Amino acid sequence: MSNAEQIEYWNGKVGDIWVQMQERMDTALTPVTAALLAAASPQAGEMVLDIGCGAGETTLAVDAAVGEGGHAIGLDISEPLLARARERAEALLSEAEFIAADASQWAEDSGFDLILSRFGVMFFADPQAAFAHLHGLAAPGGRLVFACWQPPARNLWATLPLTALAHLLPPQLPADPQAPGPFAFADASRVATILETAGWRDVTCHSLPFAMRVGSGADPIADAVGFNLKIGPAARIVRDAGIGDAARPVLAHALEPYLVDGVVALPGAVWLVTARA
């Protein structure tokens, strides 16, 4: 999927769904967000660029950390998500700035002390060129910190729904593991090569396993089923196949073993990637 296709995709129905699911996603990704911000360690007075900022969770957090002497800019291609981010900033009286732009080309500012991203960098059509461009936006010695998914086999939140529903779905063609998408950066050695070739140094990839919370409330299983039919690799395939009603009981059965103390949580794993300009 090219950058143009990604822009069209995230400004359509998917963008609206993610706005509806904003609070749920922020909750599901709480462990990742905490680890990302700890690794990024934003300091007072710093200039920060957040790539693929979505509804603004990480941008707002770093803007609060850098204070009045610093500034955080969030870039995203999804107008619906950016509208939600601006609403949140207004409610928090935050000075964070949200801009609709393709980060692989945006160049309205530079000299960033920190460039970070929570799952926003795996969708570039040409990742090496994109990271070379981002390197040019960083201050000398500026930090790059981002989270990306490890292989699907380590992310049951993504694979379990597809496995459970396989008998209801048409045959799926094998995906190109390096094509733009959630798991494009699953290979840590490939990520390191891309970044080093793009000019970044001191590249490290730290493994972070975590439990992704997908269901809670009065009926955690039903909540988890609803989550999986809106977000994740299975959601679009189920919608396109028109099997939502048939999928619900199958997913409910598959998710039952992961209900513990009123919460449905599935194993996940990310790379926390750090580098310097």
# chains A, B, ... in the order shown; residues from 1 in each chain; ligands from 1
>>> residues_around(residues="Ala34 of chain A", least_positions_apart="5", cutoff="12 Å", atoms="only C-alpha atoms", output="PyMOL selection string")
chain A and resi 26-29+39-41+57-58+61-62+118+147+208+210+272
>>> closest_residue(among="A:Leu195, A:Leu92, A:Val203, A:Val250", to="Ala166 of chain A", atoms="only C-alpha atoms")
A:Val250
>>> residues_around(residues="segment 18-25 of chain A", least_positions_apart="5", cutoff="8 Å", atoms="only C-alpha atoms", output="PDB file with N, CA, C and O atoms, in the first residue's frame")
ATOM      1  N   ALA A  55      -4.850  10.063  17.584  1.00  0.00           N
ATOM      2  CA  ALA A  55      -5.727  10.917  18.389  1.00  0.00           C
ATOM      3  C   ALA A  55      -4.980  11.671  19.477  1.00  0.00           C
ATOM      4  O   ALA A  55      -5.605  12.269  20.353  1.00  0.00           O
ATOM      5  N   PRO A  80      -9.795  12.653  10.558  1.00  0.00           N
ATOM      6  CA  PRO A  80     -10.680  12.349  11.685  1.00  0.00           C
ATOM      7  C   PRO A  80      -9.924  12.195  13.006  1.00  0.00           C
ATOM      8  O   PRO A  80     -10.355  12.701  14.043  1.00  0.00           O
ATOM      9  N   LEU A  81      -8.788  11.524  12.976  1.00  0.00           N
ATOM     10  CA  LEU A  81      -8.014  11.342  14.198  1.00  0.00           C
ATOM     11  C   LEU A  81      -7.401  12.655  14.664  1.00  0.00           C
ATOM     12  O   LEU A  81      -7.343  12.939  15.868  1.00  0.00           O
ATOM     13  N   ARG A  84      -9.924  14.700  16.535  1.00  0.00           N
ATOM     14  CA  ARG A  84     -10.068  14.216  17.914  1.00  0.00           C
ATOM     15  C   ARG A  84      -8.886  14.680  18.771  1.00  0.00           C
ATOM     16  O   ARG A  84      -9.070  15.080  19.929  1.00  0.00           O
ATOM     17  N   VAL A 214      -8.233  -6.249  25.798  1.00  0.00           N
ATOM     18  CA  VAL A 214      -9.207  -6.071  24.714  1.00  0.00           C
ATOM     19  C   VAL A 214     -10.657  -6.176  25.185  1.00  0.00           C
ATOM     20  O   VAL A 214     -11.580  -5.889  24.413  1.00  0.00           O
ATOM     21  N   ILE A 231     -11.155  -3.380  15.438  1.00  0.00           N
ATOM     22  CA  ILE A 231      -9.732  -3.063  15.384  1.00  0.00           C
ATOM     23  C   ILE A 231      -8.934  -4.342  15.156  1.00  0.00           C
ATOM     24  O   ILE A 231      -9.231  -5.376  15.737  1.00  0.00           O
TER      25      ILE A 231
END
>>> residues_around(residues="Val121 of chain A", least_positions_apart="5", cutoff="10 Å", atoms="only C-alpha atoms", output="CSV table (one decimal) with C-alpha atoms, in the first residue's frame")
chain,number,residue,atom,x,y,z
A,51,ILE,CA,5.0,10.6,13.8
A,52,GLY,CA,1.6,9.1,13.2
A,103,ALA,CA,5.9,12.6,7.7
A,104,SER,CA,8.1,11.3,4.9
A,116,LEU,CA,9.0,9.6,18.5
A,127,PRO,CA,11.0,3.5,4.8
A,130,ALA,CA,11.4,8.4,5.0
A,131,PHE,CA,13.9,7.8,7.8
A,146,PHE,CA,9.5,4.4,18.4
A,147,ALA,CA,7.4,1.3,19.1
A,148,CYS,CA,6.7,-1.2,16.3
A,180,PRO,CA,3.7,-1.3,4.6
A,181,GLY,CA,1.5,-2.4,7.4
A,182,PRO,CA,1.4,-3.2,11.1
A,184,ALA,CA,6.4,-4.3,8.4
A,185,PHE,CA,9.1,-3.7,11.1
>>> atom_distance(atom1="atom CA of Ala211 of chain A", atom2="atom CA of Gly268 of chain A")
5.8 Å
>>> residues_around(residues="segment 168-170 of chain A", least_positions_apart="6", cutoff="10 Å", atoms="only C-alpha atoms", output="list in words")
Leu162, Ala234, Ile237, Val238, Asp240, Ala241, Gly242, Ile243, Ala246, Ala247 and Val250 of chain A
>>> write_last_selection(atoms="N, CA, C and O atoms", output="compact mmCIF listing (two decimals), in the first residue's frame")
# COMPACT_ATOMS: atom_id res chain seq x y z
N LEU A 162 -8.00 -14.21 13.49
CA LEU A 162 -7.90 -14.75 12.13
C LEU A 162 -7.86 -16.28 12.13
O LEU A 162 -8.48 -16.92 11.29
N ALA A 234 -8.18 -8.79 11.68
CA ALA A 234 -9.39 -9.52 11.31
C ALA A 234 -10.56 -8.60 10.97
O ALA A 234 -11.47 -8.99 10.22
N ILE A 237 -11.19 -7.79 7.21
CA ILE A 237 -11.50 -9.01 6.46
C ILE A 237 -12.92 -9.48 6.77
O ILE A 237 -13.66 -9.88 5.88
N VAL A 238 -13.30 -9.42 8.05
CA VAL A 238 -14.65 -9.82 8.45
C VAL A 238 -15.69 -8.89 7.83
O VAL A 238 -16.73 -9.34 7.33
N ASP A 240 -15.38 -7.09 5.06
CA ASP A 240 -15.43 -7.32 3.61
C ASP A 240 -16.17 -8.61 3.28
O ASP A 240 -16.87 -8.70 2.25
N ALA A 241 -16.03 -9.62 4.14
CA ALA A 241 -16.68 -10.91 3.89
C ALA A 241 -18.14 -10.92 4.34
O ALA A 241 -18.88 -11.85 3.99
N GLY A 242 -18.55 -9.91 5.12
CA GLY A 242 -19.94 -9.83 5.59
C GLY A 242 -20.34 -10.96 6.52
O GLY A 242 -21.48 -11.43 6.48
N ILE A 243 -19.40 -11.36 7.41
CA ILE A 243 -19.69 -12.50 8.29
C ILE A 243 -19.72 -12.09 9.77
O ILE A 243 -19.49 -12.92 10.65
N ALA A 246 -21.93 -14.25 12.12
CA ALA A 246 -21.40 -15.61 12.30
C ALA A 246 -20.10 -15.60 13.09
O ALA A 246 -19.77 -16.56 13.80
N ALA A 247 -19.36 -14.50 12.98
CA ALA A 247 -18.05 -14.43 13.63
C ALA A 247 -18.16 -14.28 15.15
O ALA A 247 -17.28 -14.75 15.88
N VAL A 250 -18.04 -17.49 17.40
CA VAL A 250 -16.75 -18.16 17.21
C VAL A 250 -15.65 -17.41 17.97
O VAL A 250 -14.83 -18.02 18.68
>>> residues_around(residues="Leu156 of chain A", least_positions_apart="3", cutoff="12 Å", atoms="only C-alpha atoms", output="NGL selection string")
:A and (149-153 or 159-164 or 209-214 or 228 or 232-234 or 254-255 or 258 or 265-269)
>>> write_last_selection(atoms="N, CA and C atoms", output="PDB file, in the first residue's frame")
ATOM      1  N   TRP A 149       5.547  -3.307  16.033  1.00  0.00           N
ATOM      2  CA  TRP A 149       5.165  -4.669  16.408  1.00  0.00           C
ATOM      3  C   TRP A 149       6.239  -5.680  16.048  1.00  0.00           C
ATOM      4  N   GLN A 150       6.438  -6.657  16.933  1.00  0.00           N
ATOM      5  CA  GLN A 150       7.248  -7.824  16.629  1.00  0.00           C
ATOM      6  C   GLN A 150       6.433  -8.759  15.714  1.00  0.00           C
ATOM      7  N   PRO A 151       6.981  -9.906  15.309  1.00  0.00           N
ATOM      8  CA  PRO A 151       6.270 -10.766  14.355  1.00  0.00           C
ATOM      9  C   PRO A 151       4.879 -11.177  14.836  1.00  0.00           C
ATOM     10  N   PRO A 152       3.976 -11.444  13.899  1.00  0.00           N
ATOM     11  CA  PRO A 152       2.610 -11.857  14.261  1.00  0.00           C
ATOM     12  C   PRO A 152       2.566 -13.025  15.239  1.00  0.00           C
ATOM     13  N   ALA A 153       3.502 -13.946  15.132  1.00  0.00           N
ATOM     14  CA  ALA A 153       3.494 -15.112  16.012  1.00  0.00           C
ATOM     15  C   ALA A 153       3.613 -14.723  17.479  1.00  0.00           C
ATOM     16  N   THR A 159      -3.366 -12.478  15.755  1.00  0.00           N
ATOM     17  CA  THR A 159      -3.481 -13.745  15.047  1.00  0.00           C
ATOM     18  C   THR A 159      -4.642 -14.618  15.512  1.00  0.00           C
ATOM     19  N   LEU A 160      -5.002 -14.535  16.791  1.00  0.00           N
ATOM     20  CA  LEU A 160      -6.068 -15.408  17.296  1.00  0.00           C
ATOM     21  C   LEU A 160      -7.388 -15.217  16.547  1.00  0.00           C
ATOM     22  N   PRO A 161      -7.864 -13.982  16.327  1.00  0.00           N
ATOM     23  CA  PRO A 161      -9.134 -13.837  15.598  1.00  0.00           C
ATOM     24  C   PRO A 161      -9.088 -14.444  14.204  1.00  0.00           C
ATOM     25  N   LEU A 162      -7.997 -14.212  13.485  1.00  0.00           N
ATOM     26  CA  LEU A 162      -7.898 -14.752  12.126  1.00  0.00           C
ATOM     27  C   LEU A 162      -7.863 -16.276  12.133  1.00  0.00           C
ATOM     28  N   THR A 163      -7.141 -16.844  13.099  1.00  0.00           N
ATOM     29  CA  THR A 163      -7.064 -18.306  13.192  1.00  0.00           C
ATOM     30  C   THR A 163      -8.434 -18.896  13.530  1.00  0.00           C
ATOM     31  N   ALA A 164      -9.111 -18.281  14.487  1.00  0.00           N
ATOM     32  CA  ALA A 164     -10.416 -18.788  14.918  1.00  0.00           C
ATOM     33  C   ALA A 164     -11.457 -18.709  13.805  1.00  0.00           C
ATOM     34  N   PRO A 209       7.454  -7.488  25.786  1.00  0.00           N
ATOM     35  CA  PRO A 209       6.211  -8.271  25.785  1.00  0.00           C
ATOM     36  C   PRO A 209       5.216  -7.600  26.725  1.00  0.00           C
ATOM     37  N   PHE A 210       3.933  -7.699  26.398  1.00  0.00           N
ATOM     38  CA  PHE A 210       2.916  -7.114  27.265  1.00  0.00           C
ATOM     39  C   PHE A 210       1.584  -7.804  27.021  1.00  0.00           C
ATOM     40  N   ALA A 211       0.641  -7.568  27.912  1.00  0.00           N
ATOM     41  CA  ALA A 211      -0.712  -8.106  27.752  1.00  0.00           C
ATOM     42  C   ALA A 211      -1.609  -7.007  27.217  1.00  0.00           C
ATOM     43  N   MET A 212      -2.221  -7.237  26.051  1.00  0.00           N
ATOM     44  CA  MET A 212      -3.079  -6.244  25.423  1.00  0.00           C
ATOM     45  C   MET A 212      -4.519  -6.456  25.871  1.00  0.00           C
ATOM     46  N   ARG A 213      -5.019  -5.508  26.622  1.00  0.00           N
ATOM     47  CA  ARG A 213      -6.364  -5.594  27.186  1.00  0.00           C
ATOM     48  C   ARG A 213      -7.403  -5.277  26.114  1.00  0.00           C
ATOM     49  N   VAL A 214      -8.233  -6.249  25.798  1.00  0.00           N
ATOM     50  CA  VAL A 214      -9.207  -6.071  24.714  1.00  0.00           C
ATOM     51  C   VAL A 214     -10.657  -6.176  25.185  1.00  0.00           C
ATOM     52  N   ASN A 228     -12.428  -6.764  18.649  1.00  0.00           N
ATOM     53  CA  ASN A 228     -11.776  -7.456  17.541  1.00  0.00           C
ATOM     54  C   ASN A 228     -12.499  -7.283  16.209  1.00  0.00           C
ATOM     55  N   GLY A 232      -7.884  -4.242  14.352  1.00  0.00           N
ATOM     56  CA  GLY A 232      -6.996  -5.381  14.178  1.00  0.00           C
ATOM     57  C   GLY A 232      -7.108  -6.021  12.804  1.00  0.00           C
ATOM     58  N   PRO A 233      -6.196  -6.928  12.483  1.00  0.00           N
ATOM     59  CA  PRO A 233      -6.152  -7.529  11.148  1.00  0.00           C
ATOM     60  C   PRO A 233      -7.435  -8.222  10.723  1.00  0.00           C
ATOM     61  N   ALA A 234      -8.183  -8.791  11.678  1.00  0.00           N
ATOM     62  CA  ALA A 234      -9.394  -9.521  11.305  1.00  0.00           C
ATOM     63  C   ALA A 234     -10.562  -8.604  10.972  1.00  0.00           C
ATOM     64  N   ALA A 254     -13.294 -18.506  21.296  1.00  0.00           N
ATOM     65  CA  ALA A 254     -11.831 -18.467  21.223  1.00  0.00           C
ATOM     66  C   ALA A 254     -11.228 -17.572  22.301  1.00  0.00           C
ATOM     67  N   LEU A 255     -11.973 -16.558  22.725  1.00  0.00           N
ATOM     68  CA  LEU A 255     -11.446 -15.593  23.690  1.00  0.00           C
ATOM     69  C   LEU A 255     -11.666 -16.018  25.141  1.00  0.00           C
ATOM     70  N   TYR A 258      -8.895 -16.504  27.785  1.00  0.00           N
ATOM     71  CA  TYR A 258      -8.074 -15.344  28.129  1.00  0.00           C
ATOM     72  C   TYR A 258      -8.798 -14.377  29.068  1.00  0.00           C
ATOM     73  N   ALA A 265      -7.343 -10.277  28.125  1.00  0.00           N
ATOM     74  CA  ALA A 265      -6.069  -9.715  27.658  1.00  0.00           C
ATOM     75  C   ALA A 265      -5.318 -10.769  26.858  1.00  0.00           C
ATOM     76  N   LEU A 266      -4.786 -10.359  25.717  1.00  0.00           N
ATOM     77  CA  LEU A 266      -4.067 -11.270  24.829  1.00  0.00           C
ATOM     78  C   LEU A 266      -2.599 -10.886  24.745  1.00  0.00           C
ATOM     79  N   PRO A 267      -1.715 -11.868  24.621  1.00  0.00           N
ATOM     80  CA  PRO A 267      -0.278 -11.574  24.546  1.00  0.00           C
ATOM     81  C   PRO A 267       0.066 -10.716  23.325  1.00  0.00           C
ATOM     82  N   GLY A 268       0.984  -9.789  23.557  1.00  0.00           N
ATOM     83  CA  GLY A 268       1.514  -8.953  22.490  1.00  0.00           C
ATOM     84  C   GLY A 268       2.991  -8.718  22.727  1.00  0.00           C
ATOM     85  N   ALA A 269       3.701  -8.250  21.705  1.00  0.00           N
ATOM     86  CA  ALA A 269       5.127  -7.950  21.857  1.00  0.00           C
ATOM     87  C   ALA A 269       5.525  -6.881  20.846  1.00  0.00           C
TER      88      ALA A 269
END
>>> atom_distance(atom1="atom CA of Gly226 of chain A", atom2="atom CA of Val260 of chain A")
17.8 Å
>>> closest_residue(among="A:Ala38, A:Ala64, A:Ile73, A:Leu251", to="Leu229 of chain A", atoms="only C-alpha atoms")
A:Leu251
>>> closest_residue(among="A:Glu46, A:Asp16, A:Asp76, A:Glu95", to="Leu60 of chain A", atoms="only C-alpha atoms")
A:Glu95
>>> atom_distance(atom1="atom CA of Trp271 of chain A", atom2="atom CA of Gly111 of chain A")
25.5 Å
>>> closest_residue(among="A:Pro171, A:Arg239, A:Gln128, A:Gly244", to="Val14 of chain A", atoms="only C-alpha atoms")
A:Arg239
>>> residues_around(residues="Pro42 of chain A", least_positions_apart="6", cutoff="12 Å", atoms="only C-alpha atoms", output="MDAnalysis selection string")
chainID A and resid 36 48:50 58:67 70:72 112:116 142:145
>>> closest_residue(among="A:Ala277, A:Leu165, A:Val191, A:Ile221", to="Asp245 of chain A", atoms="only C-alpha atoms")
A:Leu165
>>> select_by_dssp(residues="segment 23-257 of chain A", states="helix (DSSP H, G or I)", output="ChimeraX atom specification")
/A:23-28,30-40,57-66,79-92,127-137,152-154,156-168,188-197,220-228,233-241,244-257
